[in-house]
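Since the structure comes first, as structure tokens, the remarks are kept for the end.
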2 protein chains.
Amino acid sequence: MVTGQGPVTITDVARLAGVSPGTASKALNGRRGISAGTALRVQQAAERLGYQPNALARGLLSGRSFTVGLITTDSFGRFSIPVVQGAEDALGPGRILVFLCESRDDRLREEHYLRALLERRVDGIIVTGRRQDRREPIGRDLRIPVVYAMAYSSDPADLSLVPDDEEGGALAIRHLLGTGRTTIGHVTGPRRFRAAVLRAAGAEQALTAAGLGLAGSRTLYGEWTEEWGRRGVDLLLRSAPGLDAIFCGNDQIARGAADRLREVGRRVPADVALVGFDNWDVIAAACRPPLTTVDMNLRQLGRAAGERLLAAVDGHPGSGLQLLPCSLVVRESSRPPESRSP
Amino acid sequence: MVTGQGPVTITDVARLAGVSPGTASKALNGRRGISAGTALRVQQAAERLGYQPNALARGLLSGRSFTVGLITTDSFGRFSIPVVQGAEDALGPGRILVFLCESRDDRLREEHYLRALLERRVDGIIVTGRRQDRREPIGRDLRIPVVYAMAYSSDPADLSLVPDDEEGGALAIRHLLGTGRTTIGHVTGPRRFRAAVLRAAGAEQALTAAGLGLAGSRTLYGEWTEEWGRRGVDLLLRSAPGLDAIFCGNDQIARGAADRLREVGRRVPADVALVGFDNWDVIAAACRPPLTTVDMNLRQLGRAAGERLLAAVDGHPGSGLQLLPCSLVVRESSRPPESRSP
DNA sequence: ATTGCTAAGGCAAAGGTTTTCGCAATGCGA
DNA sequence: TCGCATTGCGAAAACCTTTGCCTTAGCAAT
């Protein structure tokens with residue numbers, strides 16, 4: 001590597017190798033019609049000079065920039081992070097680079113970002129947001145593919161990827177039923193959250209399919225907080241004292257529930273089994289006992305979004321709202337009672 | 001906006017406005033030598049066609065791309081996120097776009113990313129990581145400015161921005177002393193973490209300055225977990241039963257401590273005051289009682305990193321390890337006893 | 001009327017890379 | 001020895017924008 005003036009160009013490499021720039025280009029890109037000796041000389045010259053091709057010039061010509069934009073409407077928190085990571089996984093380090101744009105729910109910012117991305121000729125855009133929110137399409141006639149992840153577009157012609165919350169709720173209930181629990185309550189977040197409603201629906205369906213109903217007879221909607229988890233336990237114990245399991249709408253509620261159950265002398269999982277939702281490690285692992293919980297596989301969702309975007313870039317677009325599976329992570333809080341008695 | 005073939009170029013705009021491309025460029029960029037009438041016609045033409053200048057072509061010519069790279073060595077978690085957000089704040093939406101690169105502590109990935117960033121002719125690079133880790137410079141003779149945030153470069157010629165952990169520790173202790181506490185213990189994370197050692201040093205200095213020493217006579221190093229917080233309380237109560245405050249190395253330890261103190265019948269803050277570190281909202285706010293804690297102002301740190309990078313791009317580089325102030329967020333867990341008795 | 005000045009806008013080059021086309025040389029068969 | 005195919009490489013155009021320089025026209029001053 002030589003520290004000359006300014007970045008070294010392919011012309012510099014060509015001169016050093018004693019060929020024309022066009023030939024150097026072919027040699028470096030492995031195109032045919034170049035003798036082995038010439039190719040080697042060019043590559044060595046490039047190596048010696050520390051040549052790095054100018055992606056701007058390359059993109060100008062090819063029309064592709066090998067970059068994508070990632071717009072997170074949420075000022076990105078716990079949910080968008082794994083999605084971003086997954087997208088990065090799919091887009092692969094080195095090949096495609098990701099522009100991170102945090103629009104913070106500000107429509108104006110979003111438009112600024114969109115314009116900036118289009119000016120930079122990104123190959124595609126991923127839009128992600130907090131919990132499953134329906135949202136307006138990011139723009140019209142964009143000429144480049146867009147994939148929505150977590151948040152989903154109100155236009156069914158757009159491709160949107162969201163976790164299957166309903167199935168996740170059913171997963172939790174079936175697991176509890178499978179470990180012998182029969183009197184199961186459900187404490188979750190605010191009703192205005194689609195995720196809360198979907199999870200509750202899945203849970204109730206799974207119970208109905210087993211010929212059972214919800215303990216306390218109805219879903220307790222409240223807040224996504226530990227505080228509400230504690231209060232939920234109190235409410236449930238009043239209306240259904242024989243309770244042997246609680247499915248909570250997220251991990252924070254579940255952790256509050258665990259604390260409260262311990263305080264009132266109910267053992268988890270011996271007396272009451274507990275299942276949360278989100279698999280938020282810092283909560284689920286720190287909970288006493290560690291929490292069984294539903295994982296939305298957000299990272300895989302992000303990865304899927306990246307893969308779908310690449311497919312769309314290559315001319316294979318998708319469309320519609322697609323549900324991705326949740327999975328259950330079993331920990332101590334739902335261990336069946338049998339296995340505890342020696 | 002017309003949906004023709006391919007993106008509309010300035011030539012299209014010029015043709016519609018009846019001028020040459022060069023003139024159109026000048027009109028759109030507000031350069032002098034263009035009559036008001038022509039400028040208006042060009043702008044209207046651009047508007048009608050939905051013209052978006054090609055940043056690749058512009059960057060090719062100007063040598064600046066108005067993009068920066070952000071390499072997070074940490075698979076980016078709680079610490080890098082606010083830094084990223086702050087950097088975004090500083091770089092401003094629309095003007096400068098950020099390439100997000102997650103190297104995951106993999107040197108090879110990092111090199112791939114670095115190469116990809118250089119090929120795309122980013123104007124600068126911010127390197128951030130998890131807790132304050134000393135690290136190798138990302139590369140040599142890079143020709144573009146680099147700013148390190150959180151993680152810091154082993155080369156003192158590089159500019160590195162890190163939170164002032166030592167001052168943060170002192171802040172916590174001085175606050176506790178100010179509310180009348182005198183017998184203060186310290187439970188923190190593993191000794192191999194520079195942050196743990198620095199915070200402990202700051203704490204001890206503040207105590208020494210007040211003519212006091214640490215309750216239990218030494219810092220308890222352990223893990224960054226709630227579990228360790230609970231055990232730390234047990235250890236402290238054994239060695240210093242008259243304890244009236246605990247400063248914890250992070251919020252998780254503090255939360256464990258709060259739980260344990262409640263379990264053994266010590267009231268927080270009436271009997272024992274508690275101060276954490278990190279101001280991690282999900283922990284600090286959910287703690288019972290809500291946690292007084294030291295905030296590293298990571299977002300401002302990220303913002304500072306962005307601003308310093310811009311300054312460096314503009315020819316005003318900095319260097320050395322620079323400490324940024326922490327601040328104290330006072331909540332219930334350290335309320336002075338006086339104010340509780342009516 | 002000629003000169004000189006300014007304003008407005010056109011022309012062309014530059015920036016780095018890729019690609020197409022064409023040219024020259026080589027080798028082979030006739 | 002000639003013709004032809006093949007191989008290797010160079011020249012130049014193209015991608016899009018910006019900018020310095022040049023031309024032209026209009027106008028004022030001499």
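If you're wondering about the labels, chains in the structure tokens are A, B, ... by order shown, residues count from 1 in each chain, ligands from 1 in order shown.
Counting only C-alpha atoms (C1' of nucleotides), every residue of chain B that comes within 7 Å of chain D is listed here: B:Asn54, B:Ala57, B:Arg58.
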**Request:** Counting only C-alpha atoms (C1' of nucleotides), collect the residues of chain B whose closest atom lies at most 7 Å from chain C, and write them out as a PyMOL selection string.
**Result:** chain B and resi 20+23+33-35+60-61
**Request:** Could you list the residues in chain A lying within 8 Å of chain B, using only C-alpha atoms, and format the result as a count of residues only?
**Result:** 34
**Item:** Those in region 108-317 of chain A with strand (DSSP E or B) from DSSP, as a ChimeraX atom specification
**Value:** /A:124-128,134-135,146-149,152-153,159-163,184-188,220-221,245-248,273-277,292-295
**Request:** Do a neighbour search on region 240-249 of chain B at 8 Å with only C-alpha atoms (C1' of nucleotides), toss out local chain neighbours closer than 2 positions, and write the hits as a ChimeraX atom specification.
**Result:** /B:172-173,176,181-189,196,199-200,215-216,224,229,236-238,251,253-254,271-277
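Here CA of Gly202 (chain A) stands at a distance of 21.6 Å from CA of Ala284 (chain A).
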**Request:** Check region 247-306 of chain A with DSSP on the backbone and list each residue it calls helix (DSSP H, G or I), as JSON, numbers by chain.
**Result:** {"A": [251, 252, 253, 254, 255, 256, 257, 258, 259, 260, 261, 262, 263, 281, 282, 283, 284, 298, 299, 300, 301, 302, 303, 304, 305, 306]}
**Fill in**
Expressed in Å, the length from CA of Thr128 (chain A) to CA of Phe79 (chain B) is 21.1 Å
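The environment of Gly315 (chain B) within 10 Å, counting only C-alpha atoms (C1' of nucleotides) and disregarding residues fewer than 5 places along the same chain, consists of B:Pro145, B:Leu309, B:Leu310.
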May I have the selected residues written with all heavy atoms, as a PDB file, in the first residue's frame?
ATOM      1  N   PRO B 145     -11.321  10.254   8.393  1.00  0.00           N
ATOM      2  CA  PRO B 145     -11.307  10.331   9.856  1.00  0.00           C
ATOM      3  C   PRO B 145     -12.092   9.197  10.514  1.00  0.00           C
ATOM      4  O   PRO B 145     -13.053   8.680   9.952  1.00  0.00           O
ATOM      5  CB  PRO B 145     -11.966  11.682  10.142  1.00  0.00           C
ATOM      6  CG  PRO B 145     -12.662  12.080   8.901  1.00  0.00           C
ATOM      7  CD  PRO B 145     -11.983  11.397   7.771  1.00  0.00           C
ATOM      8  N   LEU B 309     -16.818  13.740  14.345  1.00  0.00           N
ATOM      9  CA  LEU B 309     -16.492  13.170  13.036  1.00  0.00           C
ATOM     10  C   LEU B 309     -16.694  14.221  11.948  1.00  0.00           C
ATOM     11  O   LEU B 309     -15.856  14.382  11.053  1.00  0.00           O
ATOM     12  CB  LEU B 309     -17.368  11.953  12.760  1.00  0.00           C
ATOM     13  CG  LEU B 309     -16.983  11.188  11.496  1.00  0.00           C
ATOM     14  CD1 LEU B 309     -15.604  10.585  11.647  1.00  0.00           C
ATOM     15  CD2 LEU B 309     -17.995  10.105  11.171  1.00  0.00           C
ATOM     16  N   LEU B 310     -17.786  14.959  12.054  1.00  0.00           N
ATOM     17  CA  LEU B 310     -18.039  15.994  11.060  1.00  0.00           C
ATOM     18  C   LEU B 310     -16.940  17.050  11.092  1.00  0.00           C
ATOM     19  O   LEU B 310     -16.470  17.509  10.050  1.00  0.00           O
ATOM     20  CB  LEU B 310     -19.399  16.645  11.316  1.00  0.00           C
ATOM     21  CG  LEU B 310     -20.603  15.767  10.999  1.00  0.00           C
ATOM     22  CD1 LEU B 310     -21.893  16.547  11.158  1.00  0.00           C
ATOM     23  CD2 LEU B 310     -20.495  15.205   9.592  1.00  0.00           C
TER      24      LEU B 310
END
